[in-house]
>>> print(open('upload.cif').read())   # mmCIF, C-alpha atoms
data_coords
loop_
_atom_site.label_atom_id
_atom_site.label_comp_id
_atom_site.auth_asym_id
_atom_site.auth_seq_id
_atom_site.Cartn_x
_atom_site.Cartn_y
_atom_site.Cartn_z
CA LYS A 1 24.05 10.94 -23.54
CA ARG A 2 25.88 8.71 -21.06
CA THR A 3 27.92 11.62 -19.64
CA PHE A 4 24.86 13.86 -19.39
CA SER A 5 22.86 11.15 -17.60
CA LEU A 6 25.73 10.52 -15.19
CA ILE A 7 26.17 14.21 -14.32
CA VAL A 8 22.44 14.83 -13.84
CA GLY A 9 22.08 11.65 -11.77
CA ILE A 10 24.96 12.63 -9.48
CA LEU A 11 23.53 16.15 -9.04
CA PHE A 12 20.11 14.71 -8.15
CA PHE A 13 21.62 12.36 -5.59
CA LEU A 14 23.83 15.11 -4.09
CA SER A 15 20.74 17.25 -3.58
CA VAL A 16 19.22 14.40 -1.58
CA LEU A 17 22.37 14.08 0.56
CA LEU A 18 22.47 17.80 1.31
CA HIS A 19 18.79 17.80 2.28
CA THR A 20 19.16 15.06 4.92
CA SER A 21 17.57 15.46 8.33
CA SER A 22 20.31 13.39 10.01
CA PRO A 23 23.84 14.06 8.67
CA ARG A 24 25.37 11.42 10.95
CA ALA A 25 23.03 8.65 9.77
CA THR A 26 23.53 9.72 6.14
CA PHE A 27 27.31 9.69 6.55
CA GLN A 28 27.18 6.13 7.90
CA PHE A 29 24.85 5.08 5.06
CA CYS A 30 27.18 6.55 2.42
CA LEU A 31 30.25 5.05 4.08
CA GLU A 32 28.73 1.58 4.02
CA TRP A 33 27.78 1.83 0.35
CA PHE A 34 31.22 3.28 -0.46
CA MET A 35 32.86 0.24 1.15
CA LEU A 36 30.52 -2.11 -0.69
CA GLY A 37 31.27 -0.27 -3.93
CA LEU A 38 35.01 -0.76 -3.42
CA PHE A 39 34.38 -4.43 -2.72
CA PHE A 40 32.28 -4.69 -5.88
CA TRP A 41 34.89 -3.17 -8.20
CA SER A 42 37.83 -4.99 -6.58
CA SER A 43 35.95 -8.29 -6.96
CA LEU A 44 35.42 -7.57 -10.66
CA ASP A 45 39.15 -6.95 -11.08
CA LEU A 46 39.88 -10.45 -9.76
CA SER A 47 38.16 -11.85 -12.88
CA PHE A 48 36.93 -15.10 -11.32
CA GLY A 49 34.08 -16.98 -12.96
CA PHE A 50 30.49 -17.50 -11.91
CA LYS A 51 31.14 -21.05 -10.69
CA LYS A 52 33.94 -19.99 -8.36
CA PHE A 53 31.88 -17.06 -7.08
CA SER A 54 28.82 -19.23 -6.36
CA ILE A 55 30.83 -21.90 -4.56
CA GLY A 56 32.65 -19.23 -2.57
CA TYR A 57 29.38 -17.56 -1.57
CA ALA A 58 27.82 -20.83 -0.44
CA LEU A 59 31.03 -21.94 1.29
CA SER A 60 31.05 -18.75 3.35
CA LEU A 61 27.59 -19.71 4.67
CA LEU A 62 28.49 -23.29 5.55
CA PRO A 63 29.71 -22.51 9.12
CA SER A 64 26.55 -20.45 9.78
CA THR A 65 24.38 -23.24 8.38
CA ILE A 66 25.93 -25.91 10.59
CA PHE A 67 25.90 -23.53 13.56
CA GLY A 68 22.22 -22.77 12.90
CA LEU A 69 21.25 -26.46 12.82
CA TRP A 70 23.07 -26.90 16.12
CA GLN A 71 21.15 -23.93 17.55
CA TYR A 72 17.83 -25.58 16.75
CA GLY A 73 18.96 -28.77 18.46
CA VAL A 74 20.08 -27.11 21.71
CA GLN A 75 17.55 -24.24 21.49
CA MET A 76 19.98 -21.43 22.20
CA VAL A 77 22.59 -19.22 20.54
CA PRO A 78 25.76 -18.96 22.62
CA ALA A 79 27.59 -15.66 22.77
CA ILE A 80 30.77 -15.62 20.67
CA LYS A 81 32.44 -12.28 21.22
CA TYR A 82 35.06 -12.39 18.46
CA ALA A 83 32.56 -13.66 15.88
CA GLY A 84 30.05 -10.93 16.70
CA VAL A 85 27.41 -13.43 17.83
CA ALA A 86 25.11 -12.32 20.65
CA LEU A 87 23.52 -14.61 23.22
CA GLN A 88 19.99 -15.60 22.22
CA SER A 89 17.76 -17.63 24.50
CA PRO A 90 14.11 -18.47 23.77
CA LEU A 91 13.30 -17.61 27.40
CA VAL A 92 14.39 -14.00 26.93
CA ARG A 93 11.98 -11.38 25.66
CA GLY A 94 12.84 -9.92 22.24
CA VAL A 95 14.40 -13.11 20.83
CA SER A 96 12.78 -14.46 17.64
CA VAL A 97 10.76 -17.47 18.70
CA ILE A 98 7.54 -19.29 17.87
CA GLU A 99 5.05 -19.93 20.65
CA ALA A 100 3.25 -23.25 20.27
CA ALA A 101 1.49 -25.36 22.91
CA GLY A 102 2.96 -23.25 25.71
CA GLU A 103 6.49 -23.69 24.39
CA ARG A 104 8.86 -21.07 22.96
CA VAL A 105 10.83 -22.54 20.05
CA LEU A 106 13.92 -20.67 18.86
CA ARG A 107 14.18 -19.65 15.20
CA ILE A 108 17.76 -20.27 14.10
CA TYR A 109 20.03 -17.26 13.69
CA GLY A 110 23.24 -18.77 12.33
CA THR A 111 25.78 -15.98 12.85
CA PHE A 112 23.33 -13.28 11.76
CA PRO A 113 21.41 -10.67 13.78
CA HIS A 114 17.98 -12.03 12.77
CA PRO A 115 16.58 -15.28 11.30
CA ASN A 116 14.98 -13.42 8.37
CA ILE A 117 18.38 -12.08 7.29
CA PHE A 118 19.94 -15.53 7.59
CA ALA A 119 17.09 -16.92 5.49
CA GLY A 120 17.67 -14.27 2.80
CA TRP A 121 21.33 -15.26 2.52
CA LEU A 122 20.38 -18.94 2.34
CA THR A 123 17.82 -18.32 -0.42
CA VAL A 124 20.41 -16.63 -2.64
CA ALA A 125 22.92 -19.41 -1.88
CA ILE A 126 20.44 -22.13 -2.89
CA PHE A 127 19.81 -20.55 -6.30
CA LEU A 128 23.50 -19.86 -6.93
CA LEU A 129 24.28 -23.52 -6.25
CA LEU A 130 21.34 -24.64 -8.40
CA LEU A 131 22.58 -22.52 -11.32
CA THR A 132 26.11 -23.88 -10.83
CA ILE A 133 25.24 -27.58 -11.23
CA PRO A 134 25.33 -27.56 -15.09
CA LEU A 135 28.82 -26.00 -14.93
CA LEU A 136 30.27 -28.90 -12.93
CA ILE A 137 31.91 -31.73 -14.83
CA LYS A 138 32.49 -34.44 -12.23
CA ARG A 139 29.46 -36.33 -10.96
CA TRP A 140 30.60 -36.36 -7.33
CA GLN A 141 30.77 -32.57 -7.41
CA GLN A 142 27.18 -32.38 -8.64
CA TYR A 143 25.99 -34.72 -5.88
CA ALA A 144 27.98 -32.70 -3.33
CA VAL A 145 26.17 -29.53 -4.47
CA VAL A 146 22.82 -31.32 -4.20
CA PHE A 147 23.69 -32.32 -0.63
CA TRP A 148 24.75 -28.72 0.02
CA ILE A 149 21.44 -27.40 -1.33
CA ASN A 150 19.50 -29.79 0.90
CA LEU A 151 21.47 -28.72 3.96
CA SER A 152 20.68 -25.10 3.14
CA LEU A 153 17.00 -25.93 2.62
CA ILE A 154 16.78 -27.54 6.06
CA ALA A 155 18.35 -24.45 7.63
CA LEU A 156 16.03 -22.17 5.64
CA ILE A 157 12.95 -24.03 6.86
CA LEU A 158 14.17 -23.81 10.47
CA THR A 159 14.49 -20.03 10.24
CA PHE A 160 10.69 -20.02 9.82
CA SER A 161 10.99 -17.00 7.53
CA ARG A 162 7.80 -16.60 5.51
CA ALA A 163 9.31 -14.02 3.16
CA ALA A 164 12.28 -16.25 2.32
CA LEU A 165 9.99 -19.22 1.74
CA ILE A 166 7.85 -17.19 -0.68
CA ALA A 167 11.01 -15.93 -2.43
CA LEU A 168 12.25 -19.52 -2.70
CA CYS A 169 8.98 -20.58 -4.34
CA VAL A 170 8.94 -17.63 -6.76
CA GLY A 171 12.60 -18.04 -7.73
CA GLY A 172 12.16 -21.81 -7.99
CA LEU A 173 9.17 -21.37 -10.31
CA VAL A 174 11.19 -19.01 -12.53
CA ALA A 175 14.12 -21.45 -12.57
CA LEU A 176 11.80 -24.36 -13.43
CA CYS A 177 10.18 -22.47 -16.31
CA LEU A 178 13.54 -21.36 -17.70
CA SER A 179 15.07 -24.84 -17.41
CA THR A 180 12.06 -26.28 -19.24
CA ILE A 181 12.10 -23.70 -22.03
CA ARG A 182 15.87 -23.48 -22.53
CA LYS A 183 16.72 -27.05 -21.51
CA THR A 184 19.38 -25.82 -19.06
CA TYR A 185 19.90 -29.24 -17.48
CA VAL A 186 19.46 -31.33 -20.63
CA ALA A 187 23.14 -32.37 -20.62
CA LEU A 188 22.78 -33.97 -17.18
CA PRO A 189 21.89 -37.68 -16.98
CA ILE A 190 18.23 -38.43 -16.29
CA ARG A 191 19.28 -40.68 -13.41
CA PHE A 192 21.05 -37.80 -11.68
CA ILE A 193 18.12 -35.40 -12.17
CA VAL A 194 15.58 -37.92 -10.85
CA SER A 195 17.70 -38.84 -7.84
CA ALA A 196 18.42 -35.18 -7.01
CA VAL A 197 14.72 -34.27 -7.20
CA MET A 198 13.70 -37.27 -5.10
CA ILE A 199 16.32 -36.62 -2.41
CA THR A 200 15.44 -32.94 -2.21
CA SER A 201 11.69 -33.68 -2.09
CA LEU A 202 12.15 -36.22 0.71
CA VAL A 203 14.35 -33.89 2.74
CA VAL A 204 11.99 -30.92 2.37
CA CYS A 205 8.87 -32.98 3.12
CA PHE A 206 10.44 -34.63 6.16
CA THR A 207 11.62 -31.27 7.58
CA PHE A 208 8.22 -29.67 7.04
CA LEU A 209 6.46 -32.65 8.63
CA GLN A 210 8.68 -32.41 11.70
CA THR A 211 7.97 -28.68 12.05
CA ARG A 212 4.43 -28.54 10.65
CA HIS A 213 2.88 -27.45 13.98
CA LEU A 214 5.30 -24.51 14.13
CA TRP A 215 4.65 -23.49 10.53
CA LEU A 216 0.91 -23.64 11.19
CA VAL A 217 1.43 -21.11 13.96
CA ARG A 218 3.44 -18.90 11.59
CA ALA A 219 0.63 -19.12 9.05
CA GLN A 220 -1.93 -17.80 11.55
CA SER A 221 -2.31 -14.22 12.68
CA THR A 222 -4.37 -14.91 15.79
CA THR A 223 -1.61 -16.04 18.16
CA ARG A 224 -0.01 -13.50 20.48
CA LEU A 225 3.37 -13.12 18.80
CA GLU A 226 2.00 -13.29 15.26
CA GLN A 227 -0.64 -10.69 16.10
CA ARG A 228 2.08 -8.50 17.53
CA SER A 229 4.10 -8.92 14.33
CA VAL A 230 1.08 -8.00 12.19
CA ASN A 231 0.35 -4.93 14.30
CA GLU A 232 3.98 -3.84 14.14
CA ARG A 233 4.08 -4.19 10.35
CA THR A 234 0.77 -2.37 9.96
CA GLN A 235 1.89 0.52 12.19
CA SER A 236 5.26 0.80 10.43
CA LEU A 237 3.51 0.84 7.04
CA GLU A 238 1.21 3.65 8.15
CA ASP A 239 4.22 5.60 9.49
CA GLY A 240 6.08 5.04 6.23
CA ILE A 241 3.20 6.37 4.16
CA LYS A 242 2.96 9.45 6.38
CA ILE A 243 6.68 10.14 5.93
CA PHE A 244 6.46 9.76 2.16
CA ARG A 245 3.52 12.15 1.96
CA THR A 246 5.47 14.82 3.86
CA HIS A 247 8.80 14.22 2.05
CA PRO A 248 7.94 12.91 -1.45
CA CYS A 249 10.65 14.61 -3.48
CA LEU A 250 13.92 14.62 -1.50
CA GLY A 251 13.05 12.23 1.31
CA VAL A 252 14.32 12.49 4.87
CA GLY A 253 17.88 11.56 3.91
CA PRO A 254 19.70 8.24 3.39
CA GLY A 255 19.77 6.27 6.65
CA ALA A 256 17.45 8.71 8.45
CA GLU A 257 14.25 6.65 8.31
CA LEU A 258 14.37 5.58 11.97
CA GLN A 259 14.76 9.17 13.18
CA ALA A 260 11.81 10.19 11.03
CA VAL A 261 9.65 7.38 12.42
CA GLN A 262 10.61 8.30 15.96
CA SER A 263 9.72 11.95 15.36
CA LEU A 264 6.13 10.88 14.58
CA ARG A 265 5.73 9.50 18.11
CA PRO A 266 8.46 11.02 20.31
CA THR A 267 6.87 9.79 23.56
CA ALA A 268 6.45 6.15 22.46
CA GLN A 269 8.08 3.58 24.75
CA ILE A 270 8.80 1.04 21.99
CA PRO A 271 11.76 1.54 19.61
CA PRO A 272 10.98 2.83 16.10
CA VAL A 273 10.58 0.26 13.33
CA PRO A 274 10.94 1.10 9.62
CA PRO A 275 8.33 -0.15 7.12
CA HIS A 276 8.89 -3.77 6.14
CA ILE A 277 9.00 -2.86 2.45
CA PHE A 278 12.32 -2.16 0.77
CA TRP A 279 10.90 0.24 -1.80
CA LEU A 280 8.95 2.35 0.68
CA VAL A 281 12.01 2.81 2.90
CA ALA A 282 14.08 3.76 -0.15
CA LEU A 283 11.45 6.29 -1.26
CA ASN A 284 11.24 7.76 2.23
CA GLU A 285 14.99 8.19 2.52
CA ILE A 286 15.99 9.46 -0.92
CA GLY A 287 12.64 10.51 -2.39
CA LEU A 288 11.57 10.47 -6.01
CA ILE A 289 14.50 12.68 -7.02
CA GLY A 290 16.98 10.26 -5.46
CA ILE A 291 15.36 7.29 -7.21
CA LEU A 292 15.53 9.19 -10.49
CA GLY A 293 19.16 10.04 -9.83
CA ILE A 294 20.07 6.38 -9.24
CA CYS A 295 18.23 5.37 -12.43
CA LEU A 296 20.16 7.97 -14.45
CA ILE A 297 23.47 6.83 -12.97
CA LEU A 298 22.71 3.18 -13.76
CA LEU A 299 21.56 4.15 -17.25
CA SER A 300 24.86 5.91 -17.90
CA LEU A 301 26.92 2.97 -16.59
CA PHE A 302 25.04 0.16 -18.33
CA PHE A 303 23.79 1.94 -21.46
CA THR A 304 24.04 -0.36 -24.48
CA ARG A 305 22.84 -0.35 -28.06
CA THR A 306 21.84 -4.00 -27.69
CA PRO A 307 18.04 -4.39 -27.53
CA ILE A 308 16.86 -4.78 -23.95
CA SER A 309 14.71 -7.76 -24.95
CA SER A 310 17.84 -9.60 -26.10
CA VAL A 311 19.91 -8.81 -23.03
CA VAL A 312 17.29 -9.39 -20.34
CA LEU A 313 14.99 -11.99 -21.82
CA GLY A 314 17.65 -13.79 -23.85
CA LEU A 315 15.60 -13.86 -27.05
CA ASP A 316 18.76 -13.97 -29.16
CA PRO A 317 20.83 -17.04 -28.15
CA ARG A 318 23.98 -15.40 -29.55
CA ILE A 319 23.70 -12.70 -26.87
CA HIS A 320 23.71 -13.69 -23.22
CA PRO A 321 22.39 -17.26 -23.51
CA LYS A 322 22.88 -17.99 -19.78
CA PRO A 323 23.13 -14.64 -17.95
CA SER A 324 19.46 -14.00 -18.63
CA ALA A 325 18.56 -17.09 -16.56
CA VAL A 326 20.77 -15.91 -13.71
CA PHE A 327 19.33 -12.41 -14.04
CA LEU A 328 15.71 -13.53 -13.95
CA VAL A 329 16.08 -16.04 -11.12
CA LEU A 330 18.11 -13.75 -8.84
CA THR A 331 16.11 -10.59 -9.55
CA SER A 332 12.80 -12.38 -8.97
CA THR A 333 14.21 -13.58 -5.63
CA PHE A 334 15.34 -10.07 -4.74
CA PHE A 335 12.04 -8.41 -5.68
CA THR A 336 10.09 -10.95 -3.63
CA LEU A 337 12.27 -10.41 -0.56
CA SER A 338 12.10 -6.63 -1.03
CA LEU A 339 8.30 -6.66 -0.77
CA PHE A 340 8.32 -8.23 2.70
CA ASP A 341 11.30 -6.78 4.56
CA HIS A 342 13.57 -3.74 4.78
CA TYR A 343 16.95 -5.22 5.75
CA LEU A 344 18.27 -5.19 2.17
CA TRP A 345 18.29 -1.39 2.43
CA THR A 346 18.65 -0.58 6.12
CA LEU A 347 21.16 -3.09 7.56
CA TRP A 348 24.76 -3.89 6.70
CA SER A 349 24.00 -7.62 6.82
CA GLY A 350 21.23 -6.96 4.26
CA LYS A 351 23.11 -4.61 1.94
CA THR A 352 25.93 -7.13 1.58
CA PRO A 353 23.86 -9.93 -0.04
CA LEU A 354 22.26 -7.32 -2.29
CA ILE A 355 25.63 -6.22 -3.64
CA LEU A 356 26.71 -9.88 -3.91
CA LEU A 357 23.55 -10.65 -5.88
CA ILE A 358 24.35 -7.83 -8.32
CA LEU A 359 27.95 -9.02 -8.48
CA ALA A 360 26.82 -12.55 -9.37
CA ILE A 361 24.79 -11.23 -12.31
CA VAL A 362 27.65 -9.05 -13.58
CA ILE A 363 30.23 -11.84 -13.22
CA GLN A 364 28.06 -14.29 -15.14
CA THR A 365 27.49 -11.67 -17.83
CA LYS A 366 31.23 -11.04 -18.20
CA SER A 367 32.01 -14.76 -18.22
CA GLN A 368 29.45 -15.38 -20.93
CA LYS A 369 30.72 -12.52 -23.08
CA GLN A 370 34.25 -13.91 -22.90
CA SER A 371 33.08 -17.39 -23.94
CA LEU A 372 31.24 -16.11 -27.03
#
>>> encode(input="upload.cif", output="structure tokens")
Amino acid sequence: KRTFSLIVGILFFLSVLLHTSSPRATFQFCLEWFMLGLFFWSSLDLSFGFKKFSIGYALSLLPSTIFGLWQYGVQMVPAIKYAGVALQSPLVRGVSVIEAAGERVLRIYGTFPHPNIFAGWLTVAIFLLLLTIPLLIKRWQQYAVVFWINLSLIALILTFSRAALIALCVGGLVALCLSTIRKTYVALPIRFIVSAVMITSLVVCFTFLQTRHLWLVRAQSTTRLEQRSVNERTQSLEDGIKIFRTHPCLGVGPGAELQAVQSLRPTAQIPPVPPHIFWLVALNEIGLIGILGICLILLSLFFTRTPISSVVLGLDPRIHPKPSAVFLVLTSTFFTLSLFDHYLWTLWSGKTPLILLILAIVIQTKSQKQSL
């Protein structure tokens, strides 16, 4: 059954590749995922644990976090050629800003091409660090992680990303419910838990209070930039639905969404924008057959006789007592982000955190199996 599913899935996906409307874009798409696949398997061969992976992920974001906080203070992003950072000034058209009281306030970029992407990375980092706290033995390490989480929360708020904030709330609610039901943090001293919650609450409240007028602008759809954003998302959604209706089975080809959008309005002066929904872009590019092919491939790779309810929901504590918490928190974060933006599918800086998110789940699963 596993071999049959794998063969059929590969054939389905090959049919999508051969049917592409833009071979060059499809080649680049496949090359990027091939490189990420090599990274995924090579990382698994290193056999490091979930704690080391989480700390490494968050540590890689620390320079961007500090750089982003500095950007908010000076209200500019300097060009750094060898780091791949472009110059961003709030006075220049096209830069992500918030207009309030006649002032253009820069949304922080870190070292990323857009604040929303930076916010997505930060959201994953916050939950990885949160899930790592029970694995730390020394108290100073736990307080250091709490400080790290608060630093990331400040940066996340200053990106002014609505999708990331919603994903943070959804993932946080899932984590809170799981910690209450499974008593994940019961081994930690009450004093530490209370102090960590109080510090985090004060930091978040203070940051929101300092930027409340900017968040109120983001919450409205009547201002000029927000109205423009709403119109852009509405138009891209309509274009995406049109493309799916004309290419429901095989799609337009992996990576060829932008060309398909541009073909709808070849005389338009503005650049094409893909739909801000991960799943619609995926359907448009690989179609229903491609989605089915990916499902068959995943089924063949991860097929198990263990009941799904035990593996995913963790109903049997002898099987995956902790991976299920990691799975539910990270997947709820991913699904929330995927409903509001496309970068997890279309951009290299978005595909990378997606593969890292999957890697975190697999590493935790392997670590837990070895400890049983």
>>> resolve_selection(input="upload.cif", expression="the PyMOL selection byres ((chain A and resi 111) around 12)", output="JSON, numbers by chain")
{"A": [60, 61, 62, 63, 64, 65, 66, 67, 68, 69, 70, 71, 77, 78, 79, 80, 81, 82, 83, 84, 85, 86, 87, 88, 108, 109, 110, 112, 113, 114, 115, 116, 117, 118, 119, 121, 349]}
>>> closest_residue(input="upload.cif", among="A:Pro353, A:Gly287, A:Pro189, A:Pro134", to="Phe12 in chain A", atoms="all atoms listed in the file")
A:Gly287
>>> closest_atom_pairs(input="upload.cif", of="range 24-92 of chain A", to="range 327-348 of chain A", cutoff="10 Å", atoms="all atoms listed in the file", output="tab-separated table")
residue	atom	partner	partner_atom	distance
A:Phe29	CA	A:Thr346	CA	8.5
A:Glu32	CA	A:Trp348	CA	7.3
A:Trp33	CA	A:Trp348	CA	9.1
A:Leu36	CA	A:Trp348	CA	9.5
>>> closest_atom_pairs(input="upload.cif", of="range 246-290 of chain A", to="range 224-242 of chain A", cutoff="10 Å", atoms="only C-alpha atoms", output="Markdown table")
| residue | atom | partner | partner_atom | distance |
| --- | --- | --- | --- | --- |
| A:Thr246 | CA | A:Lys242 | CA | 6.4 |
| A:His247 | CA | A:Lys242 | CA | 8.7 |
| A:Pro248 | CA | A:Ile241 | CA | 9.8 |
| A:Glu257 | CA | A:Gly240 | CA | 8.6 |
| A:Ala260 | CA | A:Asp239 | CA | 9.0 |
| A:Val261 | CA | A:Asp239 | CA | 6.4 |
| A:Gln262 | CA | A:Asp239 | CA | 9.5 |
| A:Leu264 | CA | A:Asp239 | CA | 7.6 |
| A:Arg265 | CA | A:Asp239 | CA | 9.6 |
| A:Pro272 | CA | A:Ser236 | CA | 8.3 |
| A:Val273 | CA | A:Ser236 | CA | 6.1 |
| A:Pro274 | CA | A:Ser236 | CA | 5.7 |
| A:Pro275 | CA | A:Ser236 | CA | 4.6 |
| A:His276 | CA | A:Arg233 | CA | 6.4 |
| A:Ile277 | CA | A:Leu237 | CA | 8.1 |
| A:Leu280 | CA | A:Gly240 | CA | 6.8 |
| A:Val281 | CA | A:Gly240 | CA | 7.2 |
| A:Leu283 | CA | A:Gly240 | CA | 9.3 |
| A:Asn284 | CA | A:Gly240 | CA | 7.1 |
>>> residues_around(input="upload.cif", residues="Phe160 in chain A", least_positions_apart="4", cutoff="12 Å", atoms="all atoms listed in the file", output="ChimeraX atom specification")
/A:72,96-98,105-109,114-120,153-156,164-166,207-208,211-219
>>> atom_distance(input="upload.cif", atom1="CA of Arg162 in chain A", atom2="CA of Leu128 in chain A")
20.3 Å
>>> residues_around(input="upload.cif", residues="Val194 in chain A", least_positions_apart="6", cutoff="12 Å", atoms="all atoms listed in the file", output="PyMOL selection string")
chain A and resi 143+146+185+188+200-201
>>> closest_residue(input="upload.cif", among="A:Leu17, A:Ile270, A:Ile363, A:Ala325", to="Cys177 in chain A", atoms="all atoms listed in the file")
A:Ala325
>>> atom_distance(input="upload.cif", atom1="CA of Leu6 in chain A", atom2="CA of Leu296 in chain A")
6.2 Å
>>> atom_distance(input="upload.cif", atom1="CA of Ala58 in chain A", atom2="CA of Ala125 in chain A")
5.3 Å
>>> residues_around(input="upload.cif", residues="Val145 in chain A", least_positions_apart="3", cutoff="10 Å", atoms="only C-alpha atoms", output="list in words")
Ile55, Ala58, Ile126, Leu129, Leu130, Thr132, Ile133, Leu136, Arg139, Trp140, Gln141, Gln142, Trp148, Ile149, Asn150, Leu151 and Ala196 of chain A
>>> residues_around(input="upload.cif", residues="Ala256 in chain A", least_positions_apart="6", cutoff="9 Å", atoms="all atoms listed in the file", output="ChimeraX atom specification")
/A:20-26,29,284-285
>>> write_last_selection(input="upload.cif", atoms="C-alpha atoms", output="PDB file, in the coordinates of the input")
ATOM      1  CA  THR A  20      19.160  15.060   4.920  1.00  0.00           C
ATOM      2  CA  SER A  21      17.570  15.460   8.330  1.00  0.00           C
ATOM      3  CA  SER A  22      20.310  13.390  10.010  1.00  0.00           C
ATOM      4  CA  PRO A  23      23.840  14.060   8.670  1.00  0.00           C
ATOM      5  CA  ARG A  24      25.370  11.420  10.950  1.00  0.00           C
ATOM      6  CA  ALA A  25      23.030   8.650   9.770  1.00  0.00           C
ATOM      7  CA  THR A  26      23.530   9.720   6.140  1.00  0.00           C
ATOM      8  CA  PHE A  29      24.850   5.080   5.060  1.00  0.00           C
ATOM      9  CA  ASN A 284      11.240   7.760   2.230  1.00  0.00           C
ATOM     10  CA  GLU A 285      14.990   8.190   2.520  1.00  0.00           C
TER      11      GLU A 285
END
